[in-house]
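Undergrad: Provided below: query_33.cif, containing mmCIF, C-alpha atoms.
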data_query
#
loop_
_atom_site.label_atom_id
_atom_site.label_comp_id
_atom_site.auth_asym_id
_atom_site.auth_seq_id
_atom_site.Cartn_x
_atom_site.Cartn_y
_atom_site.Cartn_z
CA MET A 22 -39.84 34.27 -26.14
CA SER A 23 -40.22 30.52 -26.34
CA SER A 24 -42.94 28.90 -24.29
CA LYS A 25 -40.84 25.74 -24.04
CA LYS A 26 -37.78 25.58 -21.84
CA ILE A 27 -34.87 23.25 -21.25
CA GLY A 28 -33.75 23.12 -17.64
CA LEU A 29 -29.96 23.28 -17.44
CA ILE A 30 -28.81 21.74 -14.16
CA PHE A 31 -26.44 24.41 -12.90
CA ASN A 32 -23.38 23.81 -10.73
CA GLY A 33 -22.46 27.52 -10.71
CA VAL A 34 -19.79 26.95 -13.38
CA TRP A 35 -19.16 29.86 -15.72
CA SER A 36 -19.20 27.90 -18.97
CA GLN A 37 -22.62 26.49 -18.10
CA TYR A 38 -23.75 30.04 -17.37
CA ALA A 39 -22.18 31.48 -20.56
CA PHE A 40 -24.05 28.94 -22.69
CA ALA A 41 -27.41 29.55 -21.03
CA LYS A 42 -27.01 33.35 -21.17
CA ALA A 43 -25.85 33.58 -24.80
CA THR A 44 -28.33 35.43 -26.97
CA LYS A 45 -28.91 32.37 -29.11
CA TYR A 46 -29.97 30.14 -26.24
CA ARG A 47 -31.13 32.37 -23.40
CA ASP A 48 -34.82 32.10 -24.27
CA LEU A 49 -34.63 28.33 -24.55
CA TYR A 50 -32.59 27.32 -21.49
CA LYS A 51 -33.35 27.98 -17.84
CA LEU A 52 -30.60 27.60 -15.24
CA LEU A 53 -31.67 25.33 -12.38
CA TYR A 54 -29.17 25.69 -9.55
CA ILE A 55 -28.52 22.19 -8.27
CA HIS A 56 -28.59 23.05 -4.58
CA ASP A 57 -31.98 24.76 -4.88
CA LEU A 58 -33.54 22.17 -7.21
CA ASP A 59 -37.03 21.02 -6.29
CA ALA A 60 -40.10 19.52 -7.92
CA ALA A 61 -41.63 22.90 -8.72
CA GLN A 62 -38.55 23.91 -10.70
CA MET A 63 -38.59 20.60 -12.56
CA ASP A 64 -42.26 21.14 -13.41
CA SER A 65 -41.36 24.50 -14.98
CA VAL A 66 -39.28 22.96 -17.79
CA ASP A 67 -40.02 20.64 -20.70
CA ALA A 68 -36.67 18.87 -20.98
CA LEU A 69 -33.49 18.64 -18.99
CA ALA A 70 -29.77 18.96 -19.74
CA ILE A 71 -27.10 17.89 -17.26
CA PRO A 72 -23.80 19.39 -18.42
CA PHE A 73 -20.21 18.33 -17.84
CA GLN A 74 -18.74 19.70 -14.59
CA SER A 75 -21.90 18.91 -12.68
CA ASN A 76 -22.00 18.01 -8.99
CA HIS A 77 -23.06 14.38 -9.25
CA ARG A 78 -23.16 13.87 -5.50
CA ALA A 79 -25.77 16.61 -5.28
CA ILE A 80 -27.63 15.22 -8.29
CA ALA A 81 -27.73 11.78 -6.67
CA GLN A 82 -29.45 13.33 -3.67
CA ARG A 83 -32.21 14.44 -6.06
CA ARG A 84 -32.32 11.24 -8.07
CA ASP A 85 -36.07 10.77 -7.67
CA LEU A 86 -36.75 14.18 -9.24
CA LEU A 87 -34.89 13.11 -12.39
CA TYR A 88 -36.62 9.77 -12.75
CA ASP A 89 -40.03 11.28 -12.02
CA PHE A 90 -39.28 13.76 -14.81
CA LEU A 91 -38.37 10.95 -17.21
CA ALA A 92 -41.48 9.01 -16.19
CA GLN A 93 -43.55 11.92 -17.51
CA GLY A 94 -42.22 11.05 -20.99
CA LYS A 95 -39.78 13.95 -21.14
CA ARG A 96 -36.25 14.01 -22.52
CA VAL A 97 -33.05 14.21 -20.51
CA PHE A 98 -29.55 14.80 -21.89
CA VAL A 99 -26.43 14.01 -19.85
CA GLU A 100 -22.93 15.01 -20.98
CA GLY A 101 -19.40 14.43 -19.69
CA ASP A 102 -18.97 12.34 -16.57
CA SER A 103 -21.70 10.82 -14.41
CA SER A 104 -22.12 8.78 -11.26
CA ALA A 105 -23.46 5.30 -10.68
CA GLN A 106 -25.11 6.80 -7.58
CA TRP A 107 -27.91 8.00 -9.83
CA LEU A 108 -27.29 6.50 -13.29
CA ASP A 109 -27.38 2.75 -13.94
CA ALA A 110 -24.08 2.78 -15.81
CA THR A 111 -20.37 2.90 -15.10
CA TRP A 112 -18.39 5.91 -16.27
CA GLU A 113 -14.60 5.78 -16.19
CA ASP A 114 -12.13 8.55 -16.76
CA ARG A 115 -9.67 8.51 -19.65
CA PRO A 116 -7.00 10.98 -20.82
CA VAL A 117 -8.58 13.72 -22.91
CA ASN A 118 -7.25 13.88 -26.46
CA ASN A 119 -8.31 17.36 -27.51
CA PHE A 120 -5.49 17.78 -30.01
CA TRP A 121 -5.94 14.82 -32.40
CA TRP A 122 -7.29 17.17 -35.03
CA VAL A 123 -3.90 18.92 -35.08
CA LYS A 124 -1.62 15.91 -34.72
CA ASP A 125 -3.52 13.34 -36.78
CA PRO A 126 -6.66 14.89 -38.27
CA HIS A 127 -7.59 11.87 -40.41
CA ASN A 128 -7.73 9.51 -37.44
CA SER A 129 -10.53 10.53 -35.10
CA PRO A 130 -10.65 8.80 -31.70
CA VAL A 131 -14.33 8.09 -32.39
CA SER A 132 -14.79 5.42 -35.03
CA ALA A 133 -18.52 4.69 -35.13
CA THR A 134 -21.51 7.01 -34.94
CA ASP A 135 -25.15 6.15 -35.55
CA HIS A 136 -26.09 9.04 -37.80
CA SER A 137 -29.73 7.95 -37.86
CA HIS A 138 -30.15 9.55 -34.43
CA PRO A 139 -31.91 12.92 -34.85
CA ILE A 140 -29.04 14.87 -33.27
CA TYR A 141 -26.38 13.20 -35.39
CA ASN A 142 -28.43 13.07 -38.59
CA GLY A 143 -26.81 15.53 -40.96
CA LEU A 144 -23.76 16.21 -38.81
CA THR A 145 -20.39 15.71 -40.45
CA PRO A 146 -18.00 13.41 -38.55
CA ARG A 147 -16.03 16.46 -37.43
CA HIS A 148 -19.18 18.11 -36.07
CA ALA A 149 -20.32 14.90 -34.38
CA PHE A 150 -17.12 14.51 -32.37
CA TRP A 151 -14.40 16.80 -30.98
CA HIS A 152 -13.18 15.05 -27.80
CA TYR A 153 -14.70 13.01 -25.03
CA HIS A 154 -14.32 12.93 -21.27
CA GLY A 155 -14.08 9.28 -20.33
CA ILE A 156 -16.07 6.29 -21.51
CA TYR A 157 -18.82 3.97 -20.30
CA THR A 158 -17.58 0.52 -19.36
CA ARG A 159 -21.13 -0.57 -18.50
CA VAL A 160 -24.48 0.64 -19.83
CA PRO A 161 -27.99 -0.71 -19.11
CA GLU A 162 -29.11 -3.78 -21.04
CA HIS A 163 -31.89 -1.72 -22.58
CA ALA A 164 -29.51 0.92 -23.92
CA GLU A 165 -28.82 1.46 -27.60
CA ILE A 166 -25.32 2.56 -28.53
CA ILE A 167 -24.95 5.77 -30.55
CA GLN A 168 -21.17 6.31 -30.54
CA LYS A 169 -18.09 4.23 -29.83
CA ASN A 170 -14.41 5.06 -29.82
CA VAL A 171 -11.72 3.25 -31.80
CA ASP A 172 -11.24 0.78 -28.94
CA GLY A 173 -14.93 -0.11 -28.98
CA ASP A 174 -15.73 1.73 -25.76
CA VAL A 175 -19.13 3.39 -25.42
CA VAL A 176 -19.14 7.19 -25.79
CA THR A 177 -22.84 7.88 -26.38
CA TRP A 178 -25.92 5.80 -25.51
CA GLN A 179 -29.66 6.17 -25.16
CA THR A 180 -32.59 4.41 -23.52
CA ASN A 181 -36.37 4.79 -23.47
CA HIS A 182 -36.71 2.44 -20.50
CA PHE A 183 -37.69 5.08 -17.95
CA GLY A 184 -40.66 6.58 -19.79
CA GLY A 185 -39.05 9.43 -21.62
CA THR A 186 -35.75 9.33 -23.44
CA LEU A 187 -32.42 9.47 -21.64
CA LEU A 188 -29.48 10.35 -23.90
CA VAL A 189 -26.03 10.08 -22.34
CA THR A 190 -22.69 11.05 -23.86
CA THR A 191 -19.17 11.72 -22.69
CA LEU A 192 -18.91 14.51 -25.23
CA ASP A 193 -19.28 17.98 -23.70
CA PRO A 194 -21.14 20.20 -26.20
CA ILE A 195 -22.77 22.56 -23.70
CA ILE A 196 -19.62 23.26 -21.69
CA GLU A 197 -17.44 23.67 -24.77
CA HIS A 198 -19.95 25.84 -26.59
CA GLY A 199 -20.01 28.04 -23.49
CA VAL A 200 -16.23 28.25 -23.60
CA GLN A 201 -16.46 29.32 -27.27
CA GLN A 202 -13.10 27.96 -28.37
CA ILE A 203 -14.45 25.19 -30.62
CA THR A 204 -16.07 27.04 -33.49
CA HIS A 205 -18.43 24.41 -34.90
CA LEU A 206 -20.47 23.42 -31.86
CA ASN A 207 -23.51 25.40 -32.95
CA HIS A 208 -24.26 22.44 -35.24
CA TYR A 209 -24.41 19.93 -32.38
CA CYS A 210 -26.02 22.25 -29.83
CA ASP A 211 -28.72 23.46 -32.21
CA ARG A 212 -29.69 19.88 -33.07
CA LEU A 213 -29.55 18.94 -29.39
CA THR A 214 -31.89 21.81 -28.52
CA GLU A 215 -34.29 20.86 -31.31
CA TRP A 216 -34.24 17.23 -30.16
CA LEU A 217 -35.00 18.26 -26.58
CA ILE A 218 -37.90 20.68 -27.16
CA GLY A 219 -38.57 20.79 -30.91
CA ILE A 220 -37.27 24.33 -31.41
CA ARG A 221 -34.23 25.12 -33.58
CA PRO A 222 -32.25 28.05 -32.10
CA GLU A 223 -31.62 31.01 -34.36
CA GLY A 224 -29.24 33.95 -34.39
CA LYS A 225 -25.69 34.46 -33.20
CA PHE A 226 -23.99 33.31 -30.02
CA GLU A 227 -23.48 36.76 -28.52
CA ILE A 228 -22.24 37.40 -25.00
CA LEU A 229 -23.76 40.36 -23.21
CA LYS A 230 -21.45 42.29 -20.87
CA THR A 231 -24.41 42.99 -18.62
CA ASP A 232 -24.55 39.28 -17.74
CA TYR A 233 -21.15 39.44 -16.05
CA GLY A 234 -20.23 40.82 -12.66
CA VAL A 235 -23.82 40.28 -11.60
CA ALA A 236 -25.63 40.16 -8.30
CA ILE A 237 -27.89 37.14 -8.03
CA MET B 21 12.02 27.91 7.58
CA GLN B 22 8.56 29.40 7.28
CA PRO B 23 5.51 27.64 8.69
CA PRO B 24 3.33 25.90 6.11
CA ILE B 25 0.52 27.78 4.37
CA HIS B 26 -2.92 26.73 5.57
CA ALA B 27 -5.16 26.78 2.52
CA LEU B 28 -8.85 26.12 2.03
CA ILE B 29 -10.01 25.01 -1.42
CA ILE B 30 -13.59 25.48 -2.58
CA SER B 31 -15.00 22.30 -4.12
CA ASN B 32 -18.20 21.95 -6.10
CA GLY B 33 -17.64 18.27 -6.79
CA ILE B 34 -16.48 18.45 -10.39
CA GLU B 35 -14.50 15.55 -11.82
CA GLY B 36 -10.72 15.80 -11.46
CA LEU B 37 -10.64 18.61 -8.92
CA ALA B 38 -9.33 16.52 -6.03
CA SER B 39 -6.10 15.70 -7.84
CA LEU B 40 -5.07 19.26 -8.72
CA TYR B 41 -3.53 20.34 -5.42
CA GLN B 42 -0.87 18.20 -3.79
CA PRO B 43 -0.04 18.82 -0.12
CA ASN B 44 3.61 19.06 0.88
CA ALA B 45 5.75 20.49 3.67
CA ASP B 46 5.05 24.05 2.50
CA ILE B 47 1.26 23.90 2.29
CA HIS B 48 -1.61 22.14 3.96
CA TYR B 49 -4.94 21.90 2.10
CA ASP B 50 -8.44 21.57 3.45
CA TRP B 51 -11.55 21.37 1.30
CA ALA B 52 -14.87 23.19 1.63
CA GLU B 53 -17.64 21.29 -0.15
CA VAL B 54 -20.43 23.42 -1.60
CA GLY B 55 -23.89 22.39 -0.44
CA PRO B 56 -27.34 23.90 0.13
CA HIS B 57 -26.29 25.98 3.15
CA PHE B 58 -22.70 26.67 2.18
CA ASP B 59 -21.02 28.92 4.74
CA PRO B 60 -17.40 27.83 5.31
CA ASP B 61 -15.39 28.99 8.30
CA LEU B 62 -12.38 30.82 6.86
CA SER B 63 -10.77 31.54 10.20
CA GLY B 64 -7.41 29.91 10.67
CA TYR B 65 -6.55 29.93 6.98
CA ASP B 66 -3.87 31.95 5.23
CA LEU B 67 -5.19 31.24 1.74
CA LEU B 68 -8.55 30.69 0.06
CA ILE B 69 -8.30 28.93 -3.31
CA VAL B 70 -11.13 29.20 -5.81
CA PRO B 71 -10.07 26.75 -8.53
CA ASN B 72 -11.04 26.50 -12.16
CA GLY B 73 -14.63 25.34 -12.52
CA THR B 74 -15.91 26.73 -9.23
CA ASP B 75 -19.51 27.41 -8.22
CA HIS B 76 -19.90 31.21 -8.37
CA VAL B 77 -23.45 31.14 -7.09
CA ALA B 78 -22.07 29.71 -3.87
CA MET B 79 -19.20 32.23 -3.85
CA TYR B 80 -21.64 35.12 -4.26
CA ARG B 81 -23.63 33.85 -1.29
CA ILE B 82 -20.50 33.99 0.91
CA ARG B 83 -19.11 37.25 -0.54
CA ASP B 84 -19.28 39.07 2.80
CA ARG B 85 -17.31 36.32 4.50
CA VAL B 86 -14.67 36.43 1.75
CA ARG B 87 -14.41 40.22 2.09
CA ALA B 88 -13.96 39.90 5.84
CA PHE B 89 -11.26 37.27 5.30
CA LEU B 90 -9.40 39.64 2.96
CA ASP B 91 -9.82 42.61 5.25
CA ALA B 92 -8.29 40.52 8.01
CA GLY B 93 -5.18 40.05 5.86
CA GLY B 94 -6.00 36.77 4.11
CA THR B 95 -4.99 35.83 0.58
CA LEU B 96 -7.43 34.88 -2.19
CA PHE B 97 -6.47 32.92 -5.29
CA CYS B 98 -9.28 32.88 -7.89
CA PHE B 99 -8.32 30.91 -10.97
CA ASP B 100 -11.74 30.96 -12.64
CA GLY B 101 -14.31 33.13 -14.37
CA TRP B 102 -16.31 34.80 -11.60
CA PHE B 103 -19.45 35.88 -13.41
CA THR B 104 -21.02 36.95 -10.11
CA ASP B 105 -19.92 40.04 -8.22
CA TRP B 106 -18.08 38.55 -5.27
CA VAL B 107 -14.41 39.51 -5.93
CA PRO B 108 -13.91 42.97 -4.36
CA GLY B 109 -13.19 45.63 -6.98
CA HIS B 110 -12.64 43.31 -9.95
CA ARG B 111 -14.88 42.05 -12.72
CA TRP B 112 -14.38 39.08 -15.02
CA LEU B 113 -15.94 39.20 -18.46
CA MET B 114 -16.45 36.35 -20.87
CA ASP B 115 -15.71 37.34 -24.45
CA ASN B 116 -15.81 35.63 -27.85
CA THR B 117 -14.95 38.56 -30.11
CA GLN B 118 -11.29 37.57 -30.55
CA LYS B 119 -9.95 34.35 -32.09
CA SER B 120 -8.36 31.98 -29.61
CA MET B 121 -5.76 31.06 -32.25
CA GLU B 122 -4.41 34.60 -31.92
CA VAL B 123 -4.11 34.60 -28.12
CA ARG B 124 -0.57 35.15 -26.79
CA TYR B 125 0.40 35.90 -23.20
CA LYS B 126 2.63 38.87 -22.41
CA ILE B 127 4.19 40.06 -19.18
CA LYS B 128 3.04 43.57 -18.36
CA ASP B 129 4.20 44.63 -14.86
CA ASP B 130 6.17 42.49 -12.43
CA PRO B 131 6.73 44.26 -9.11
CA TYR B 132 6.38 40.91 -7.30
CA GLY B 133 9.29 39.29 -9.16
CA LEU B 134 7.41 36.41 -10.79
CA VAL B 135 9.30 36.56 -14.08
CA GLY B 136 12.05 33.98 -14.04
CA GLN B 137 10.05 31.58 -11.90
CA PHE B 138 8.16 30.18 -14.91
CA ARG B 139 8.25 30.33 -18.72
CA ALA B 140 5.31 32.51 -19.79
CA GLU B 141 5.84 31.57 -23.43
CA ASP B 142 5.15 27.92 -22.59
CA LEU B 143 1.59 28.87 -21.65
CA ASN B 144 0.88 30.00 -25.21
CA PHE B 145 0.40 26.55 -26.72
CA SER B 146 -0.89 23.16 -25.65
CA HIS B 147 -0.01 20.61 -28.32
CA GLY B 148 0.27 23.50 -30.77
CA ILE B 149 -3.14 24.94 -29.89
CA SER B 150 -3.25 28.48 -28.51
CA GLY B 151 -5.78 30.08 -26.21
CA TRP B 152 -6.18 26.97 -24.07
CA TRP B 153 -5.12 28.51 -20.78
CA SER B 154 -7.45 31.46 -20.24
CA CYS B 155 -10.94 32.66 -21.14
CA GLY B 156 -12.28 36.19 -21.23
CA TYR B 157 -10.48 38.95 -19.40
CA ILE B 158 -10.46 40.98 -16.18
CA GLU B 159 -11.47 44.57 -15.60
CA PRO B 160 -9.08 45.17 -12.70
CA ALA B 161 -9.50 47.47 -9.73
CA ALA B 162 -7.53 50.69 -9.75
CA GLN B 163 -4.06 50.39 -8.21
CA SER B 164 -3.86 46.66 -8.84
CA THR B 165 -1.03 45.10 -10.83
CA VAL B 166 -1.69 43.56 -14.22
CA PHE B 167 1.00 40.90 -14.37
CA LEU B 168 -0.05 39.14 -17.57
CA GLU B 169 -2.06 40.47 -20.49
CA ASP B 170 -3.25 39.04 -23.79
CA THR B 171 -2.61 39.92 -27.42
CA TRP B 172 -5.05 42.80 -27.18
CA GLY B 173 -3.70 44.21 -23.91
CA ARG B 174 -6.50 42.81 -21.76
CA ALA B 175 -5.72 41.79 -18.19
CA LEU B 176 -5.40 38.02 -17.62
CA VAL B 177 -3.48 37.82 -14.34
CA VAL B 178 -4.04 40.53 -11.74
CA ILE B 179 -2.42 40.90 -8.32
CA ASP B 180 -4.00 43.29 -5.86
CA ASP B 181 -2.76 44.24 -2.39
CA SER B 182 -4.54 47.62 -2.33
CA THR B 183 -8.29 47.10 -2.56
CA THR B 184 -8.45 45.17 0.72
CA ASN B 185 -6.04 44.58 3.58
CA GLY B 186 -5.23 41.20 2.08
CA LEU B 187 -3.85 39.93 -1.22
CA MET B 188 -5.78 38.84 -4.31
CA VAL B 189 -4.26 36.83 -7.15
CA LEU B 190 -6.77 36.53 -9.97
CA THR B 191 -6.66 34.88 -13.37
CA ALA B 192 -9.13 35.13 -16.23
CA SER B 193 -10.27 31.54 -15.82
CA ALA B 194 -6.69 30.38 -16.26
CA PRO B 195 -6.02 27.26 -14.18
CA ALA B 196 -3.10 27.31 -11.74
CA ALA B 197 -2.34 24.23 -9.69
CA ASP B 198 0.23 21.54 -9.03
CA LEU B 199 -1.36 19.36 -11.70
CA SER B 200 -3.79 19.94 -14.51
CA TYR B 201 -6.74 17.69 -15.14
CA ALA B 202 -8.30 17.59 -18.59
CA THR B 203 -7.13 21.06 -19.60
CA THR B 204 -3.72 20.05 -20.93
CA ASP B 205 -1.23 17.20 -20.86
CA ASP B 206 1.37 19.11 -22.85
CA ASP B 207 4.54 18.81 -20.76
CA ALA B 208 5.80 22.37 -21.25
CA ALA B 209 2.38 23.95 -20.69
CA ASP B 210 1.76 21.77 -17.66
CA ARG B 211 5.14 22.69 -16.16
CA ALA B 212 4.65 26.42 -16.77
CA MET B 213 1.23 26.34 -15.11
CA ALA B 214 2.56 24.50 -12.04
CA GLU B 215 5.61 26.78 -11.77
CA LEU B 216 3.41 29.85 -11.95
CA TYR B 217 1.21 28.40 -9.20
CA ARG B 218 4.24 27.86 -6.99
CA ALA B 219 5.38 31.42 -7.73
CA PHE B 220 1.96 32.64 -6.57
CA LEU B 221 2.34 30.61 -3.36
CA ARG B 222 5.58 32.46 -2.55
CA LEU B 223 3.53 35.65 -2.33
CA VAL B 224 1.27 34.34 0.45
CA PRO B 225 1.93 35.83 3.89
CA ARG B 226 1.81 33.19 6.62
CA GLN B 227 -0.62 34.33 9.21
CA LYS B 228 -3.61 32.62 10.71
CA ILE B 229 -6.70 34.67 10.02
CA THR B 230 -9.45 34.88 12.60
CA ASP B 231 -12.72 36.47 11.56
#
Mind converting the file's structure to structure tokens?
TA:
Amino acid sequence: MSSKKIGLIFNGVWSQYAFAKATKYRDLYKLLYIHDLDAAQMDSVDALAIPFQSNHRAIAQRRDLLYDFLAQGKRVFVEGDSSAQWLDATWEDRPVNNFWWVKDPHNSPVSATDHSHPIYNGLTPRHAFWHYHGIYTRVPEHAEIIQKNVDGDVVTWQTNHFGGTLLVTTLDPIIEHGVQQITHLNHYCDRLTEWLIGIRPEGKFEILKTDYGVAI
Amino acid sequence: MQPPIHALIISNGIEGLASLYQPNADIHYDWAEVGPHFDPDLSGYDLLIVPNGTDHVAMYRIRDRVRAFLDAGGTLFCFDGWFTDWVPGHRWLMDNTQKSMEVRYKIKDDPYGLVGQFRAEDLNFSHGISGWWSCGYIEPAAQSTVFLEDTWGRALVVIDDSTTNGLMVLTASAPAADLSYATTDDDAADRAMAELYRAFLRLVPRQKITD
């Protein structure tokens, strides 16, 4: 049992749950239900992940908790969409191309990745990108860009401006790894986990039947 | 002409959800937004829709209200993976032991006459990729109808008018709506999903439920 935990902001969505309950990650991630989130729960974790399919209106209502967490020097990862109500950036939706690898596998929609970032360091291009959900048309002046698409739009960015490190991407590794239909996401999610709390997950992504049909 | 269906959709604020269901002369939609003290009034509705990507912590917390709605003759559509135990008599299980590239959808039993209202084979592929439409499988209640099953004979679409006094239409996290969001933009797959949704709507009895 790991003594370090990543809080996974939980919107009650099954793919978020499946990821956090998988044998490979269950000791490293702690589900923090968004509507019950308070300072004590935030104090119980060492890093934070905000997955795709989050309730950003509810997150915005707890904005101060997130920035207090960052101010403690901790790391926060945000994937998928976001809201300017709590993040100083502008996310815009775009059609999801999740079939380019079948139709045109040599022309990825992402053209530039900074592989010096610890998560992306060592990832192949295919493991560093599968599809994205929208783009950022505006990021903070203090942000560094990690990934862009072929049109030059921002897909992944990072800033240390708030004390800790805030890493934001429109990729959706946690949700998709929970869905288990993209087979290579262990590479990204393992590096993400290690970047967040310094622990590299081990073992297989196994789903336990006893985690389903549960009373909570 | 029948009166319109009065439907309530559960919303947990995820991106794209608001565009999935389009009101028309046959159906009127209201939305119930999940919050800290979520306890929606289901009275007056014919249909409760739990769309893909729903908050199943919130649904578990209102399970008694949902059961009362069904026992009063209401209809439940759940098009998601309900990992909590709030759907009476049925269990959804996530599973990763089979390859999604081998998933094919097959009609099993059709006492409700859904075949012919959509092309089940068009659900098999989105841009040539299989397994996109559903996740996991359902352990159905006894006496319910398994309408659609997967390659391995596991229930993916279940219709149940026996467990409660109402009707349940359940999918193994397979979206059903007028429009899809990010799941697919393949024309044939999109059309089949929307036609299946409209076929489900034809099963809904029009009656205002009061709990």
Undergrad: How would you write, as an MDAnalysis selection string, the residues chosen by the PyMOL selection byres ((chain A) within 10 of (chain B)) on this structure?
TA: chainID A and resid 31:39 54:58 73:79 101:103 114:121 123:124 154 199:204 226:237
Undergrad: Next, dump the selected residues to file, keeping only C-alpha atoms, as a compact mmCIF listing (two decimals), keeping the file's coordinate frame.
TA:
# COMPACT_ATOMS: atom_id res chain seq x y z
CA PHE A 31 -26.44 24.41 -12.90
CA ASN A 32 -23.38 23.81 -10.73
CA GLY A 33 -22.46 27.52 -10.71
CA VAL A 34 -19.79 26.95 -13.38
CA TRP A 35 -19.16 29.86 -15.72
CA SER A 36 -19.20 27.90 -18.97
CA GLN A 37 -22.62 26.49 -18.10
CA TYR A 38 -23.75 30.04 -17.37
CA ALA A 39 -22.18 31.48 -20.56
CA TYR A 54 -29.17 25.69 -9.55
CA ILE A 55 -28.52 22.19 -8.27
CA HIS A 56 -28.59 23.05 -4.58
CA ASP A 57 -31.98 24.76 -4.88
CA LEU A 58 -33.54 22.17 -7.21
CA PHE A 73 -20.21 18.33 -17.84
CA GLN A 74 -18.74 19.70 -14.59
CA SER A 75 -21.90 18.91 -12.68
CA ASN A 76 -22.00 18.01 -8.99
CA HIS A 77 -23.06 14.38 -9.25
CA ARG A 78 -23.16 13.87 -5.50
CA ALA A 79 -25.77 16.61 -5.28
CA GLY A 101 -19.40 14.43 -19.69
CA ASP A 102 -18.97 12.34 -16.57
CA SER A 103 -21.70 10.82 -14.41
CA ASP A 114 -12.13 8.55 -16.76
CA ARG A 115 -9.67 8.51 -19.65
CA PRO A 116 -7.00 10.98 -20.82
CA VAL A 117 -8.58 13.72 -22.91
CA ASN A 118 -7.25 13.88 -26.46
CA ASN A 119 -8.31 17.36 -27.51
CA PHE A 120 -5.49 17.78 -30.01
CA TRP A 121 -5.94 14.82 -32.40
CA VAL A 123 -3.90 18.92 -35.08
CA LYS A 124 -1.62 15.91 -34.72
CA HIS A 154 -14.32 12.93 -21.27
CA GLY A 199 -20.01 28.04 -23.49
CA VAL A 200 -16.23 28.25 -23.60
CA GLN A 201 -16.46 29.32 -27.27
CA GLN A 202 -13.10 27.96 -28.37
CA ILE A 203 -14.45 25.19 -30.62
CA THR A 204 -16.07 27.04 -33.49
CA PHE A 226 -23.99 33.31 -30.02
CA GLU A 227 -23.48 36.76 -28.52
CA ILE A 228 -22.24 37.40 -25.00
CA LEU A 229 -23.76 40.36 -23.21
CA LYS A 230 -21.45 42.29 -20.87
CA THR A 231 -24.41 42.99 -18.62
CA ASP A 232 -24.55 39.28 -17.74
CA TYR A 233 -21.15 39.44 -16.05
CA GLY A 234 -20.23 40.82 -12.66
CA VAL A 235 -23.82 40.28 -11.60
CA ALA A 236 -25.63 40.16 -8.30
CA ILE A 237 -27.89 37.14 -8.03
Undergrad: Just want the 12 Å neighbourhood of Lys169 (chain A), counted on only C-alpha atoms, with same-chain residues fewer than 2 positions away dropped. Output as a ChimeraX atom specification.
TA: /A:129-135,149-150,153,155-158,165-167,171-178,190-192
Undergrad: I'd like the neighbourhood of region 178-182 of chain B as a PDB file with C-alpha atoms, in the frame of the given file, where a residue qualifies if any of its atoms comes within 8 Å (using all atoms listed in the file), though same-chain residues fewer than 4 positions away should be ignored.
TA:
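To be explicit, this is the file written out as out.pdb:
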ATOM      1  CA  ILE B 158     -10.460  40.980 -16.180  1.00  0.00           C
ATOM      2  CA  PRO B 160      -9.080  45.170 -12.700  1.00  0.00           C
ATOM      3  CA  ALA B 161      -9.500  47.470  -9.730  1.00  0.00           C
ATOM      4  CA  GLN B 163      -4.060  50.390  -8.210  1.00  0.00           C
ATOM      5  CA  SER B 164      -3.860  46.660  -8.840  1.00  0.00           C
ATOM      6  CA  THR B 165      -1.030  45.100 -10.830  1.00  0.00           C
ATOM      7  CA  VAL B 166      -1.690  43.560 -14.220  1.00  0.00           C
ATOM      8  CA  PHE B 167       1.000  40.900 -14.370  1.00  0.00           C
ATOM      9  CA  LEU B 168      -0.050  39.140 -17.570  1.00  0.00           C
ATOM     10  CA  GLY B 186      -5.230  41.200   2.080  1.00  0.00           C
ATOM     11  CA  LEU B 187      -3.850  39.930  -1.220  1.00  0.00           C
ATOM     12  CA  MET B 188      -5.780  38.840  -4.310  1.00  0.00           C
ATOM     13  CA  VAL B 189      -4.260  36.830  -7.150  1.00  0.00           C
ATOM     14  CA  LEU B 190      -6.770  36.530  -9.970  1.00  0.00           C
ATOM     15  CA  THR B 191      -6.660  34.880 -13.370  1.00  0.00           C
TER      16      THR B 191
END
Undergrad: For the structure shown, which residues end up in the PyMOL selection byres ((chain B and resi 224) around 8)? Put them as JSON, numbers by chain, please?
TA: {"B": [25, 66, 67, 95, 187, 220, 221, 222, 223, 225, 226]}
Undergrad: Which residues would end up in the selection if the PyMOL selection byres ((chain A and resi 65) around 10) were applied here, given that I need the answer as JSON, numbers by chain?
TA: {"A": [25, 26, 27, 28, 51, 60, 61, 62, 63, 64, 66, 67, 68]}
Undergrad: How many Å lie between CA of His208 (chain A) and CA of Asp125 (chain A), rounded to one decimal?
TA: 22.7 Å
Undergrad: Tell me which of A:Gly184, A:Pro146, A:Gly224, A:Pro161 sits closest to Phe90 (chain A), counting only C-alpha atoms.
TA: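 Closest residue, counting only C-alpha atoms: A:Gly184.
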Undergrad: Counting all atoms listed in the file, which residue out of B:Pro23, B:Gly109, B:Gly136, B:Pro71 sits closest to Phe97 (chain B)?
TA: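 Going through B:Pro23, B:Gly109, B:Gly136, B:Pro71 one by one, the smallest distance to Phe97 (chain B) is for B:Pro71.
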Undergrad: Could you give me the centre and size, in Å to one decimal, of an axis-aligned box around all listed atoms of region 131-144 of chain B with 5 Å added on every side, as JSON?
TA:
{"center_x": 6.5, "center_y": 36.1, "center_z": -16.3, "size_x": 21.2, "size_y": 26.3, "size_z": 27.9}
Undergrad: As an exercise, work out the distance from CA of Lys42 (chain A) to CA of Asn142 (chain A) in Å and give it to one decimal place.
TA: 26.8 Å
Undergrad: Could you pull the residues within 12 Å of Lys126 (chain B), counting all atoms listed in the file, minus those fewer than 4 positions along the same chain, as a list in words?
TA: Asp130, Val135, Arg139, Ala140, Glu141, Asp142, Leu143, Asn144, Val166, Phe167, Leu168, Glu169, Asp170, Thr171, Trp172, Gly173, Arg174, Ala175, Leu176 and Val177 of chain B
